[in-house]
>>> print(open('query39.json').read())   # JSON, C-alpha atoms and all ligand atoms
[["chain", "number", "residue", "atom", "x", "y", "z"],
["A", 42, "MET", "CA", 18.98, -36.22, -24.08],
["A", 43, "SER", "CA", 19.16, -38.51, -21.14],
["A", 44, "THR", "CA", 19.71, -37.08, -17.68],
["A", 45, "ALA", "CA", 22.37, -38.53, -15.42],
["A", 46, "TYR", "CA", 23.01, -38.37, -11.69],
["A", 47, "LEU", "CA", 26.66, -38.08, -10.66],
["A", 48, "ASN", "CA", 27.81, -37.50, -7.07],
["A", 49, "GLY", "CA", 24.96, -35.27, -5.97],
["A", 50, "GLU", "CA", 24.30, -33.52, -9.27],
["A", 51, "TYR", "CA", 21.71, -34.04, -12.02],
["A", 52, "LEU", "CA", 23.09, -33.14, -15.45],
["A", 53, "PRO", "CA", 22.88, -34.15, -19.13],
["A", 54, "LEU", "CA", 24.46, -37.60, -19.54],
["A", 55, "ALA", "CA", 26.91, -36.33, -22.20],
["A", 56, "GLU", "CA", 28.29, -33.82, -19.68],
["A", 57, "ALA", "CA", 28.94, -36.30, -16.85],
["A", 58, "ARG", "CA", 32.69, -36.64, -16.05],
["A", 59, "ILE", "CA", 34.67, -38.83, -13.67],
["A", 60, "SER", "CA", 38.35, -38.91, -12.79],
["A", 61, "PRO", "CA", 40.50, -41.44, -14.69],
["A", 62, "MET", "CA", 41.79, -42.36, -11.21],
["A", 63, "ASP", "CA", 38.33, -43.68, -10.29],
["A", 64, "ARG", "CA", 38.74, -47.28, -9.15],
["A", 65, "GLY", "CA", 35.65, -48.19, -11.14],
["A", 66, "PHE", "CA", 37.57, -47.15, -14.26],
["A", 67, "LEU", "CA", 40.98, -48.58, -13.25],
["A", 68, "PHE", "CA", 39.91, -51.85, -11.59],
["A", 69, "GLY", "CA", 36.20, -52.38, -12.27],
["A", 70, "ASP", "CA", 35.98, -51.90, -8.48],
["A", 71, "GLY", "CA", 32.27, -51.29, -8.05],
["A", 72, "ILE", "CA", 28.74, -52.67, -7.93],
["A", 73, "TYR", "CA", 25.87, -51.94, -10.33],
["A", 74, "GLU", "CA", 22.14, -52.51, -10.72],
["A", 75, "VAL", "CA", 19.63, -52.29, -13.54],
["A", 76, "ILE", "CA", 15.98, -51.75, -12.55],
["A", 77, "PRO", "CA", 13.26, -51.87, -15.24],
["A", 78, "SER", "CA", 10.30, -49.49, -15.24],
["A", 79, "TYR", "CA", 7.29, -49.09, -17.51],
["A", 80, "ALA", "CA", 5.27, -45.85, -17.57],
["A", 81, "GLY", "CA", 6.94, -44.83, -14.32],
["A", 82, "ARG", "CA", 6.32, -48.11, -12.45],
["A", 83, "MET", "CA", 9.43, -49.96, -11.29],
["A", 84, "VAL", "CA", 9.66, -53.75, -11.18],
["A", 85, "GLY", "CA", 11.39, -55.17, -8.10],
["A", 86, "PHE", "CA", 12.73, -51.96, -6.56],
["A", 87, "ALA", "CA", 13.12, -53.44, -3.05],
["A", 88, "PRO", "CA", 14.94, -56.67, -4.07],
["A", 89, "HIS", "CA", 17.18, -54.73, -6.49],
["A", 90, "ILE", "CA", 18.25, -52.30, -3.76],
["A", 91, "GLN", "CA", 18.76, -55.19, -1.33],
["A", 92, "ARG", "CA", 21.04, -56.95, -3.85],
["A", 93, "MET", "CA", 23.02, -53.76, -4.33],
["A", 94, "LYS", "CA", 23.49, -53.39, -0.57],
["A", 95, "ASN", "CA", 24.62, -57.03, -0.38],
["A", 96, "GLY", "CA", 27.15, -56.39, -3.16],
["A", 97, "LEU", "CA", 28.50, -53.22, -1.57],
["A", 98, "GLU", "CA", 28.87, -55.03, 1.75],
["A", 99, "ALA", "CA", 30.60, -57.99, 0.06],
["A", 100, "ILE", "CA", 33.29, -55.72, -1.39],
["A", 101, "GLY", "CA", 33.55, -53.41, 1.63],
["A", 102, "ILE", "CA", 32.13, -50.17, 0.18],
["A", 103, "ALA", "CA", 30.36, -48.24, 2.94],
["A", 104, "HIS", "CA", 27.46, -45.99, 1.98],
["A", 105, "ASN", "CA", 24.87, -44.10, 3.95],
["A", 106, "TRP", "CA", 22.01, -43.89, 1.47],
["A", 107, "THR", "CA", 18.55, -44.83, 2.70],
["A", 108, "ASP", "CA", 16.09, -46.80, 0.54],
["A", 109, "GLU", "CA", 14.03, -43.62, 0.23],
["A", 110, "GLN", "CA", 17.02, -41.73, -1.18],
["A", 111, "TRP", "CA", 17.56, -44.44, -3.79],
["A", 112, "ARG", "CA", 13.86, -44.35, -4.65],
["A", 113, "GLU", "CA", 13.92, -40.57, -5.04],
["A", 114, "LEU", "CA", 16.94, -40.80, -7.35],
["A", 115, "TYR", "CA", 15.20, -43.40, -9.50],
["A", 116, "ASN", "CA", 11.92, -41.51, -9.64],
["A", 117, "ARG", "CA", 13.68, -38.33, -10.63],
["A", 118, "LEU", "CA", 15.59, -40.01, -13.49],
["A", 119, "ILE", "CA", 12.42, -41.74, -14.72],
["A", 120, "ALA", "CA", 10.53, -38.43, -14.63],
["A", 121, "SER", "CA", 13.25, -36.49, -16.44],
["A", 122, "ASP", "CA", 13.36, -39.12, -19.20],
["A", 123, "GLY", "CA", 9.60, -38.99, -19.61],
["A", 124, "GLY", "CA", 8.52, -42.37, -18.19],
["A", 125, "GLY", "CA", 8.07, -44.89, -21.02],
["A", 126, "ASN", "CA", 10.07, -48.13, -21.10],
["A", 127, "LEU", "CA", 13.18, -47.36, -19.09],
["A", 128, "GLY", "CA", 15.96, -49.25, -17.39],
["A", 129, "ILE", "CA", 17.70, -47.35, -14.61],
["A", 130, "TYR", "CA", 21.40, -48.10, -14.42],
["A", 131, "LEU", "CA", 22.96, -47.44, -11.02],
["A", 132, "HIS", "CA", 26.67, -47.71, -10.35],
["A", 133, "VAL", "CA", 28.61, -47.28, -7.10],
["A", 134, "SER", "CA", 32.39, -47.51, -7.38],
["A", 135, "ARG", "CA", 34.95, -47.22, -4.58],
["A", 136, "GLY", "CA", 35.86, -43.74, -5.81],
["A", 137, "ALA", "CA", 38.90, -41.87, -7.11],
["A", 138, "ASP", "CA", 42.19, -42.24, -5.21],
["A", 139, "SER", "CA", 45.33, -40.15, -5.85],
["A", 140, "LYS", "CA", 47.39, -43.24, -6.72],
["A", 141, "ARG", "CA", 46.84, -46.59, -8.40],
["A", 142, "PHE", "CA", 47.24, -49.14, -5.59],
["A", 143, "HIS", "CA", 45.32, -52.41, -5.38],
["A", 144, "ALA", "CA", 44.41, -52.32, -1.66],
["A", 145, "TYR", "CA", 41.18, -50.57, -0.64],
["A", 146, "PRO", "CA", 41.93, -46.92, 0.24],
["A", 147, "ASP", "CA", 40.93, -45.36, 3.56],
["A", 148, "PRO", "CA", 37.17, -44.72, 3.18],
["A", 149, "GLU", "CA", 37.62, -41.46, 5.16],
["A", 150, "ALA", "CA", 39.87, -40.18, 2.37],
["A", 151, "VAL", "CA", 38.11, -41.60, -0.72],
["A", 152, "ALA", "CA", 34.32, -41.32, -1.14],
["A", 153, "PRO", "CA", 32.41, -43.72, -3.41],
["A", 154, "THR", "CA", 31.36, -42.48, -6.85],
["A", 155, "VAL", "CA", 27.59, -42.74, -7.39],
["A", 156, "PHE", "CA", 26.44, -42.62, -11.00],
["A", 157, "ALA", "CA", 23.01, -43.34, -12.53],
["A", 158, "PHE", "CA", 21.15, -42.82, -15.79],
["A", 159, "ALA", "CA", 18.02, -44.04, -17.54],
["A", 160, "PHE", "CA", 18.07, -45.88, -20.87],
["A", 161, "GLU", "CA", 15.40, -47.23, -23.15],
["A", 162, "ILE", "CA", 14.43, -50.91, -22.87],
["A", 163, "PRO", "CA", 12.05, -52.95, -25.05],
["A", 164, "PRO", "CA", 8.32, -52.60, -24.32],
["A", 165, "GLU", "CA", 6.75, -54.92, -21.73],
["A", 166, "PRO", "CA", 6.75, -58.43, -23.24],
["A", 167, "GLN", "CA", 3.31, -59.79, -24.07],
["A", 168, "ALA", "CA", 2.50, -63.40, -23.22],
["A", 169, "ASP", "CA", 1.86, -64.17, -26.88],
["A", 170, "ARG", "CA", 3.82, -66.84, -28.74],
["A", 171, "THR", "CA", 3.25, -65.13, -32.08],
["A", 172, "LYS", "CA", 4.61, -61.73, -30.97],
["A", 173, "VAL", "CA", 7.54, -62.53, -28.66],
["A", 174, "LYS", "CA", 11.15, -61.95, -29.72],
["A", 175, "PRO", "CA", 12.68, -65.45, -29.77],
["A", 176, "TYR", "CA", 16.34, -65.87, -28.80],
["A", 177, "LYS", "CA", 19.05, -67.80, -30.59],
["A", 178, "VAL", "CA", 22.09, -68.60, -28.47],
["A", 179, "SER", "CA", 25.62, -69.95, -28.60],
["A", 180, "THR", "CA", 27.16, -72.07, -25.85],
["A", 181, "ASP", "CA", 30.57, -71.74, -24.22],
["A", 182, "GLU", "CA", 32.47, -72.93, -21.16],
["A", 183, "ASP", "CA", 32.03, -70.40, -18.36],
["A", 184, "LEU", "CA", 35.46, -68.82, -17.91],
["A", 185, "ARG", "CA", 34.45, -65.98, -15.56],
["A", 186, "TRP", "CA", 35.55, -65.68, -11.93],
["A", 187, "GLN", "CA", 34.39, -67.65, -8.87],
["A", 188, "ARG", "CA", 32.28, -64.80, -7.43],
["A", 189, "CYS", "CA", 29.53, -64.49, -10.03],
["A", 190, "HIS", "CA", 26.95, -63.88, -7.26],
["A", 191, "ILE", "CA", 28.43, -60.37, -6.84],
["A", 192, "LYS", "CA", 27.03, -57.91, -9.39],
["A", 193, "SER", "CA", 30.43, -56.38, -10.05],
["A", 194, "THR", "CA", 31.07, -53.73, -12.69],
["A", 195, "ALA", "CA", 34.12, -55.80, -13.73],
["A", 196, "LEU", "CA", 32.30, -57.47, -16.63],
["A", 197, "LEU", "CA", 35.05, -58.31, -19.13],
["A", 198, "GLY", "CA", 34.44, -62.05, -18.70],
["A", 199, "ASN", "CA", 30.73, -61.54, -19.42],
["A", 200, "VAL", "CA", 31.50, -59.17, -22.29],
["A", 201, "MET", "CA", 33.81, -61.71, -23.96],
["A", 202, "HIS", "CA", 31.23, -64.50, -23.62],
["A", 203, "PHE", "CA", 28.45, -62.24, -24.94],
["A", 204, "GLN", "CA", 30.62, -61.18, -27.87],
["A", 205, "GLN", "CA", 31.17, -64.80, -28.87],
["A", 206, "GLY", "CA", 27.41, -65.33, -29.32],
["A", 207, "HIS", "CA", 26.97, -61.93, -30.94],
["A", 208, "ALA", "CA", 29.75, -62.57, -33.48],
["A", 209, "ALA", "CA", 28.05, -65.87, -34.41],
["A", 210, "GLY", "CA", 24.84, -63.93, -35.16],
["A", 211, "ASN", "CA", 23.13, -64.99, -31.91],
["A", 212, "ASN", "CA", 21.44, -63.00, -29.14],
["A", 213, "GLU", "CA", 23.23, -64.54, -26.15],
["A", 214, "THR", "CA", 25.70, -67.17, -24.96],
["A", 215, "ILE", "CA", 24.64, -69.89, -22.51],
["A", 216, "LEU", "CA", 27.47, -70.96, -20.21],
["A", 217, "TYR", "CA", 28.43, -74.26, -18.56],
["A", 218, "ASN", "CA", 31.07, -75.15, -15.97],
["A", 219, "SER", "CA", 33.94, -77.65, -16.34],
["A", 220, "ARG", "CA", 31.57, -80.47, -15.28],
["A", 221, "GLY", "CA", 29.26, -79.68, -18.22],
["A", 222, "GLU", "CA", 26.61, -78.13, -15.95],
["A", 223, "LEU", "CA", 24.56, -75.09, -16.97],
["A", 224, "THR", "CA", 25.45, -71.92, -15.05],
["A", 225, "GLU", "CA", 23.68, -68.93, -16.69],
["A", 226, "GLY", "CA", 23.79, -66.65, -19.74],
["A", 227, "SER", "CA", 26.45, -63.95, -20.10],
["A", 228, "ALA", "CA", 23.86, -61.33, -19.02],
["A", 229, "CYS", "CA", 20.86, -63.37, -17.82],
["A", 230, "ASN", "CA", 19.72, -66.44, -15.86],
["A", 231, "ALA", "CA", 18.84, -69.69, -17.65],
["A", 232, "TYR", "CA", 16.10, -72.33, -17.32],
["A", 233, "ILE", "CA", 14.93, -75.50, -18.99],
["A", 234, "VAL", "CA", 11.41, -76.91, -19.17],
["A", 235, "LYS", "CA", 11.04, -80.69, -19.24],
["A", 236, "ASP", "CA", 7.72, -82.55, -19.07],
["A", 237, "GLY", "CA", 5.95, -79.41, -17.84],
["A", 238, "LYS", "CA", 8.45, -78.63, -15.06],
["A", 239, "VAL", "CA", 10.63, -75.50, -14.91],
["A", 240, "ILE", "CA", 14.18, -76.31, -13.79],
["A", 241, "THR", "CA", 16.94, -73.77, -13.08],
["A", 242, "PRO", "CA", 20.40, -74.01, -11.47],
["A", 243, "PRO", "CA", 20.50, -73.27, -7.71],
["A", 244, "LEU", "CA", 21.92, -70.01, -6.31],
["A", 245, "ASP", "CA", 25.64, -70.26, -5.59],
["A", 246, "HIS", "CA", 28.91, -68.52, -6.52],
["A", 247, "GLN", "CA", 28.49, -69.54, -10.19],
["A", 248, "ILE", "CA", 25.48, -67.36, -10.98],
["A", 249, "LEU", "CA", 23.99, -63.96, -10.29],
["A", 250, "PRO", "CA", 20.92, -64.07, -8.01],
["A", 251, "GLY", "CA", 18.74, -62.46, -10.68],
["A", 252, "ILE", "CA", 15.80, -60.39, -9.47],
["A", 253, "THR", "CA", 13.70, -61.50, -12.47],
["A", 254, "ARG", "CA", 14.56, -65.09, -11.44],
["A", 255, "GLN", "CA", 13.56, -64.35, -7.82],
["A", 256, "ILE", "CA", 10.22, -62.81, -8.86],
["A", 257, "LEU", "CA", 9.50, -65.51, -11.47],
["A", 258, "LEU", "CA", 10.12, -68.39, -9.04],
["A", 259, "ALA", "CA", 7.97, -66.69, -6.37],
["A", 260, "VAL", "CA", 5.15, -66.08, -8.88],
["A", 261, "LEU", "CA", 5.23, -69.68, -10.16],
["A", 262, "ARG", "CA", 5.32, -71.15, -6.65],
["A", 263, "LYS", "CA", 2.46, -68.93, -5.49],
["A", 264, "ASP", "CA", 0.32, -69.92, -8.48],
["A", 265, "GLY", "CA", 1.21, -73.59, -8.16],
["A", 266, "SER", "CA", 0.10, -74.77, -11.61],
["A", 267, "ILE", "CA", 3.64, -75.06, -13.06],
["A", 268, "PRO", "CA", 6.11, -77.06, -10.91],
["A", 269, "VAL", "CA", 9.54, -75.50, -10.29],
["A", 270, "GLU", "CA", 12.82, -77.09, -9.25],
["A", 271, "GLU", "CA", 16.19, -75.50, -8.41],
["A", 272, "ARG", "CA", 18.89, -78.09, -9.08],
["A", 273, "VAL", "CA", 21.99, -78.77, -11.14],
["A", 274, "VAL", "CA", 21.13, -78.97, -14.86],
["A", 275, "SER", "CA", 23.48, -80.77, -17.28],
["A", 276, "MET", "CA", 24.09, -79.43, -20.78],
["A", 277, "ASN", "CA", 22.79, -82.75, -22.04],
["A", 278, "GLU", "CA", 19.45, -81.84, -20.43],
["A", 279, "VAL", "CA", 19.63, -78.39, -22.01],
["A", 280, "HIS", "CA", 20.05, -79.96, -25.46],
["A", 281, "HIS", "CA", 17.06, -82.28, -24.88],
["A", 282, "ALA", "CA", 14.76, -79.76, -23.16],
["A", 283, "ASP", "CA", 11.21, -79.05, -24.36],
["A", 284, "GLU", "CA", 11.78, -75.31, -23.79],
["A", 285, "VAL", "CA", 14.73, -73.14, -22.73],
["A", 286, "TRP", "CA", 14.29, -69.65, -21.26],
["A", 287, "LEU", "CA", 16.47, -66.72, -20.24],
["A", 288, "THR", "CA", 15.51, -63.99, -17.76],
["A", 289, "SER", "CA", 16.81, -60.52, -17.01],
["A", 290, "SER", "CA", 15.44, -57.16, -15.98],
["A", 291, "SER", "CA", 15.42, -55.76, -19.50],
["A", 292, "LYS", "CA", 13.88, -58.79, -21.26],
["A", 293, "GLU", "CA", 11.71, -60.50, -18.55],
["A", 294, "ILE", "CA", 11.33, -64.12, -19.77],
["A", 295, "ALA", "CA", 12.83, -64.77, -23.22],
["A", 296, "PRO", "CA", 12.14, -68.06, -25.02],
["A", 297, "VAL", "CA", 15.21, -69.64, -26.66],
["A", 298, "ILE", "CA", 14.36, -71.34, -29.96],
["A", 299, "GLU", "CA", 17.81, -72.28, -31.19],
["A", 300, "ILE", "CA", 21.05, -73.40, -29.49],
["A", 301, "ASP", "CA", 24.22, -73.54, -31.62],
["A", 302, "GLY", "CA", 22.02, -73.69, -34.73],
["A", 303, "ARG", "CA", 19.86, -76.60, -33.47],
["A", 304, "PRO", "CA", 16.16, -76.05, -32.65],
["A", 305, "VAL", "CA", 14.93, -76.22, -29.04],
["A", 306, "GLY", "CA", 11.86, -78.50, -28.95],
["A", 307, "ASP", "CA", 9.81, -77.67, -32.03],
["A", 308, "GLY", "CA", 11.81, -74.47, -32.65],
["A", 309, "LYS", "CA", 9.08, -72.11, -31.40],
["A", 310, "ALA", "CA", 8.27, -70.33, -28.13],
["A", 311, "GLY", "CA", 6.48, -72.93, -26.01],
["A", 312, "PRO", "CA", 3.20, -73.14, -24.09],
["A", 313, "ILE", "CA", 4.85, -73.19, -20.64],
["A", 314, "TRP", "CA", 6.74, -70.00, -21.56],
["A", 315, "GLU", "CA", 3.46, -68.36, -22.53],
["A", 316, "ALA", "CA", 1.75, -69.39, -19.28],
["A", 317, "ALA", "CA", 4.74, -68.29, -17.17],
["A", 318, "GLN", "CA", 5.05, -64.91, -18.92],
["A", 319, "ARG", "CA", 1.33, -64.33, -18.42],
["A", 320, "LEU", "CA", 1.61, -65.01, -14.67],
["A", 321, "PHE", "CA", 4.78, -62.87, -14.45],
["A", 322, "SER", "CA", 3.13, -59.94, -16.27],
["A", 323, "ALA", "CA", 0.12, -60.07, -13.95],
["A", 324, "GLU", "CA", 2.15, -60.17, -10.71],
["A", 325, "LYS", "CA", 5.47, -58.42, -11.33],
["A", 326, "TYR", "CA", 4.56, -55.05, -9.79],
["A", 327, "SER", "CA", 3.75, -56.59, -6.43],
["A", 328, "TYR", "CA", 7.37, -57.59, -5.65],
["B", 401, "LIG", "N1", 22.14, -58.32, -16.46],
["B", 401, "LIG", "N2", 23.07, -63.01, -14.77],
["B", 401, "LIG", "C1", 23.90, -62.07, -15.24],
["B", 401, "LIG", "C2", 25.33, -62.43, -15.47],
["B", 401, "LIG", "C3", 23.43, -60.77, -15.49],
["B", 401, "LIG", "O1", 24.26, -59.82, -15.95],
["B", 401, "LIG", "C4", 22.05, -60.48, -15.29],
["B", 401, "LIG", "C5", 21.47, -59.11, -15.54],
["B", 401, "LIG", "C6", 21.21, -61.51, -14.81],
["B", 401, "LIG", "C7", 19.75, -61.28, -14.54],
["B", 401, "LIG", "O2", 19.55, -60.49, -13.39],
["B", 401, "LIG", "P1", 18.26, -59.57, -13.22],
["B", 401, "LIG", "O3", 17.08, -60.46, -13.41],
["B", 401, "LIG", "O4", 18.39, -59.06, -11.83],
["B", 401, "LIG", "O5", 18.34, -58.49, -14.27],
["B", 401, "LIG", "C8", 21.76, -62.75, -14.55],
["B", 401, "LIG", "C9", 21.84, -56.91, -16.49],
["B", 401, "LIG", "C10", 20.44, -56.60, -16.88],
["B", 401, "LIG", "C11", 22.90, -56.17, -17.29],
["B", 401, "LIG", "O6", 24.05, -56.46, -17.05],
["B", 401, "LIG", "O7", 22.57, -55.28, -18.08]]
>>> encode(input="query39.json", output="C-alpha cells", more="lines below")
Ligand code: PDD
Amino acid sequence: MSTAYLNGEYLPLAEARISPMDRGFLFGDGIYEVIPSYAGRMVGFAPHIQRMKNGLEAIGIAHNWTDEQWRELYNRLIASDGGGNLGIYLHVSRGADSKRFHAYPDPEAVAPTVFAFAFEIPPEPQADRTKVKPYKVSTDEDLRWQRCHIKSTALLGNVMHFQQGHAAGNNETILYNSRGELTEGSACNAYIVKDGKVITPPLDHQILPGITRQILLAVLRKDGSIPVEERVVSMNEVHHADEVWLTSSSKEIAPVIEIDGRPVGDGKAGPIWEAAQRLFSAEKYSY
C-alpha cells in the first residue's frame, strides 16, 4: 500500500486523516504539485518546487520548508513505494480553522496542512510512433477562472471540462477562450505543429505554466533543429494543424490524433512529435 506524508508523519495512505474544517476541503484553498519520477529519478524537481513556492506566495500561504526538506520528503516517498514509475502528489492547504469564514485566518493560529503521496504513472514514453498512446480529444469553451496560472487545488472547472471529454469516449478536452483562441487542455498544455514549427500559446493568466512545457521549450530551443513559437493560436489553426500535442508531467508529450471525431493531419502520431519526444527523453533529467 502506498505511503503518505501528512503534517510531519509518514503513514499508510488509507490511514491519513484531515479535519473536515480544513480549508483545502471546504474551499479548495491550497496549492498542489505533481512531480514525475522513473526508477527513483525525478524530472524537473527544481522548477516544480519553484512553481509551488510561487503559488503559495500568490495566495498568501507562508511556509518555512527548504528545498532540501522537500527533496527529502519526495525521496522518502519514492523509496517507500519502491521506485518504478511514480508521480509524487504534493498538496499544501491553508489548514484547518475552527470556523468556516472566507477571509484568510491568522497564520499564527492556523498552520498549513502538508500532504503528499506517490502514485503509479505510465512508463517513460518511447519516441516511437508505433508504440505511443495516441490521444483523442473533445473541445470546449474554457469556462474556468481568470487565474489559471495558479496551480490551485480548486479544480472543479478542470474536472467538469475533463469529464466532458471522458463522457464522449475521449482522453482529454482542449479548451478555447471566448475569442476562439486555444488556451490549454483540462489537465495539460497544448501545442500545434504547422509546416515543421511548434507553436504554443504564451504564458498568461489563461494557462498553467507547465513544467513539461518549460523543459520541452528549453530542450527544443537548445537543440535548434525544430523552430518554436509562443503566440496566440486560433482554433481554426488547431483544426488545420499538421500535428497537435499535449504535455503534462504524467504523460510527457502526447500526440493527438483526433479532435471531435476528425483526424489531425493523417490521423497518426507525426514525425515532429517523434523527434521532439526523442530530444525530451534524452535531456529531461538535466532540468
Ligand atoms: N496537471 N495545465 C493544467 C491545467 C494542468 O493541470 C497541468 C498538469 C498542466 C501541465 O503541467 P505540468 O507539465 O507541470 O505537469 C497544464 C497535473 C499533472 C494534474 O493535475 O494531475
>>> residues_around(input="query39.json", residues="stretch 123-131 of chain A", least_positions_apart="4", cutoff="8 Å", atoms="all atoms listed in the file", output="list in words")
Tyr73, Glu74, Val75, Ile76, Pro77, Ser78, Tyr79, Ala80, Gly81, Tyr115, Leu118, Ile119, Val155, Phe156, Ala157, Phe158, Ala159, Phe160, Glu161, Ile162, Pro163, Pro164, Glu165 and Ser291 of chain A
>>> residues_near_ligand(input="query39.json", ligand="ligand LIG 401 (chain B)", cutoff="6 Å", atoms="only C-alpha atoms and all ligand atoms", output="PyMOL selection string")
chain A and resi 75+227-230+249+251-254+288-291
>>> closest_residue(input="query39.json", among="A:Ala144, A:Val273, A:Val173, A:Ala103", to="A:Glu222", atoms="only C-alpha atoms")
A:Val273
>>> closest_residue(input="query39.json", among="A:Arg170, A:Lys325, A:His280, A:Lys309", to="A:Lys235", atoms="all atoms listed in the file")
A:His280
>>> atom_distance(input="query39.json", atom1="atom CA of A:Ser134", atom2="atom CA of A:Ala57")
15.1 Å
>>> residues_near_point(input="query39.json", point="(24.0, -66.7, -21.5)", cutoff="8 Å", atoms="only C-alpha atoms", output="list of chain:residue names")
A:Val178, A:Ser179, A:Thr180, A:His202, A:Phe203, A:Glu213, A:Thr214, A:Ile215, A:Leu216, A:Glu225, A:Gly226, A:Ser227, A:Ala228, A:Cys229, A:Asn230, A:Ala231, A:Leu287
>>> write_last_selection(input="query39.json", atoms="C-alpha atoms", output="compact mmCIF listing (two decimals), keeping the file's coordinate frame")
# COMPACT_ATOMS: atom_id res chain seq x y z
CA VAL A 178 22.09 -68.60 -28.47
CA SER A 179 25.62 -69.95 -28.60
CA THR A 180 27.16 -72.07 -25.85
CA HIS A 202 31.23 -64.50 -23.62
CA PHE A 203 28.45 -62.24 -24.94
CA GLU A 213 23.23 -64.54 -26.15
CA THR A 214 25.70 -67.17 -24.96
CA ILE A 215 24.64 -69.89 -22.51
CA LEU A 216 27.47 -70.96 -20.21
CA GLU A 225 23.68 -68.93 -16.69
CA GLY A 226 23.79 -66.65 -19.74
CA SER A 227 26.45 -63.95 -20.10
CA ALA A 228 23.86 -61.33 -19.02
CA CYS A 229 20.86 -63.37 -17.82
CA ASN A 230 19.72 -66.44 -15.86
CA ALA A 231 18.84 -69.69 -17.65
CA LEU A 287 16.47 -66.72 -20.24
>>> atom_distance(input="query39.json", atom1="atom CA of A:Val239", atom2="atom CA of A:Val269")
4.7 Å
>>> closest_residue(input="query39.json", among="A:Asp181, A:Val285, A:His89, A:Ser322", to="A:Pro304", atoms="only C-alpha atoms")
A:Val285
>>> residues_around(input="query39.json", residues="A:Tyr217", least_positions_apart="3", cutoff="6 Å", atoms="only C-alpha atoms", output="JSON, numbers by chain")
{"A": [182, 183, 221, 222, 223, 224]}
>>> residues_around(input="query39.json", residues="A:Ile298", least_positions_apart="2", cutoff="8 Å", atoms="only C-alpha atoms", output="PDB file with C-alpha atoms, in the coordinates of the input")
ATOM      1  CA  PRO A 175      12.680 -65.450 -29.770  1.00  0.00           C
ATOM      2  CA  TYR A 176      16.340 -65.870 -28.800  1.00  0.00           C
ATOM      3  CA  LYS A 177      19.050 -67.800 -30.590  1.00  0.00           C
ATOM      4  CA  GLU A 284      11.780 -75.310 -23.790  1.00  0.00           C
ATOM      5  CA  VAL A 285      14.730 -73.140 -22.730  1.00  0.00           C
ATOM      6  CA  PRO A 296      12.140 -68.060 -25.020  1.00  0.00           C
ATOM      7  CA  ILE A 300      21.050 -73.400 -29.490  1.00  0.00           C
ATOM      8  CA  PRO A 304      16.160 -76.050 -32.650  1.00  0.00           C
ATOM      9  CA  VAL A 305      14.930 -76.220 -29.040  1.00  0.00           C
ATOM     10  CA  GLY A 306      11.860 -78.500 -28.950  1.00  0.00           C
ATOM     11  CA  GLY A 308      11.810 -74.470 -32.650  1.00  0.00           C
ATOM     12  CA  LYS A 309       9.080 -72.110 -31.400  1.00  0.00           C
ATOM     13  CA  ALA A 310       8.270 -70.330 -28.130  1.00  0.00           C
TER      14      ALA A 310
END
>>> build_atoms(input="query39.json", residues="stretch 107-117 of chain A", atoms="N, CA, C and O atoms", output="mmCIF file, keeping the file's coordinate frame")
data_model
loop_
_atom_site.group_PDB
_atom_site.id
_atom_site.type_symbol
_atom_site.label_atom_id
_atom_site.label_comp_id
_atom_site.auth_asym_id
_atom_site.auth_seq_id
_atom_site.Cartn_x
_atom_site.Cartn_y
_atom_site.Cartn_z
ATOM 1 N N THR A 107 19.724 -44.077 2.261
ATOM 2 C CA THR A 107 18.550 -44.830 2.700
ATOM 3 C C THR A 107 17.793 -45.327 1.463
ATOM 4 O O THR A 107 17.993 -44.811 0.352
ATOM 5 N N ASP A 108 16.889 -46.290 1.672
ATOM 6 C CA ASP A 108 16.090 -46.800 0.540
ATOM 7 C C ASP A 108 15.293 -45.665 -0.085
ATOM 8 O O ASP A 108 15.105 -45.622 -1.304
ATOM 9 N N GLU A 109 14.823 -44.742 0.766
ATOM 10 C CA GLU A 109 14.030 -43.620 0.230
ATOM 11 C C GLU A 109 14.873 -42.715 -0.664
ATOM 12 O O GLU A 109 14.387 -42.203 -1.663
ATOM 13 N N GLN A 110 16.135 -42.537 -0.317
ATOM 14 C CA GLN A 110 17.020 -41.730 -1.180
ATOM 15 C C GLN A 110 17.227 -42.405 -2.539
ATOM 16 O O GLN A 110 17.205 -41.754 -3.573
ATOM 17 N N TRP A 111 17.422 -43.726 -2.509
ATOM 18 C CA TRP A 111 17.560 -44.440 -3.790
ATOM 19 C C TRP A 111 16.282 -44.297 -4.604
ATOM 20 O O TRP A 111 16.319 -44.050 -5.797
ATOM 21 N N ARG A 112 15.135 -44.433 -3.929
ATOM 22 C CA ARG A 112 13.860 -44.350 -4.650
ATOM 23 C C ARG A 112 13.670 -42.966 -5.272
ATOM 24 O O ARG A 112 13.239 -42.837 -6.416
ATOM 25 N N GLU A 113 14.052 -41.945 -4.519
ATOM 26 C CA GLU A 113 13.920 -40.570 -5.040
ATOM 27 C C GLU A 113 14.791 -40.363 -6.278
ATOM 28 O O GLU A 113 14.373 -39.767 -7.266
ATOM 29 N N LEU A 114 16.023 -40.893 -6.205
ATOM 30 C CA LEU A 114 16.940 -40.800 -7.350
ATOM 31 C C LEU A 114 16.318 -41.467 -8.578
ATOM 32 O O LEU A 114 16.286 -40.893 -9.683
ATOM 33 N N TYR A 115 15.806 -42.677 -8.383
ATOM 34 C CA TYR A 115 15.200 -43.400 -9.500
ATOM 35 C C TYR A 115 14.012 -42.642 -10.060
ATOM 36 O O TYR A 115 13.876 -42.480 -11.272
ATOM 37 N N ASN A 116 13.129 -42.186 -9.165
ATOM 38 C CA ASN A 116 11.920 -41.510 -9.640
ATOM 39 C C ASN A 116 12.276 -40.248 -10.415
ATOM 40 O O ASN A 116 11.654 -39.933 -11.426
ATOM 41 N N ARG A 117 13.299 -39.558 -9.947
ATOM 42 C CA ARG A 117 13.680 -38.330 -10.630
ATOM 43 C C ARG A 117 14.240 -38.624 -12.025
ATOM 44 O O ARG A 117 13.925 -37.921 -12.988
#
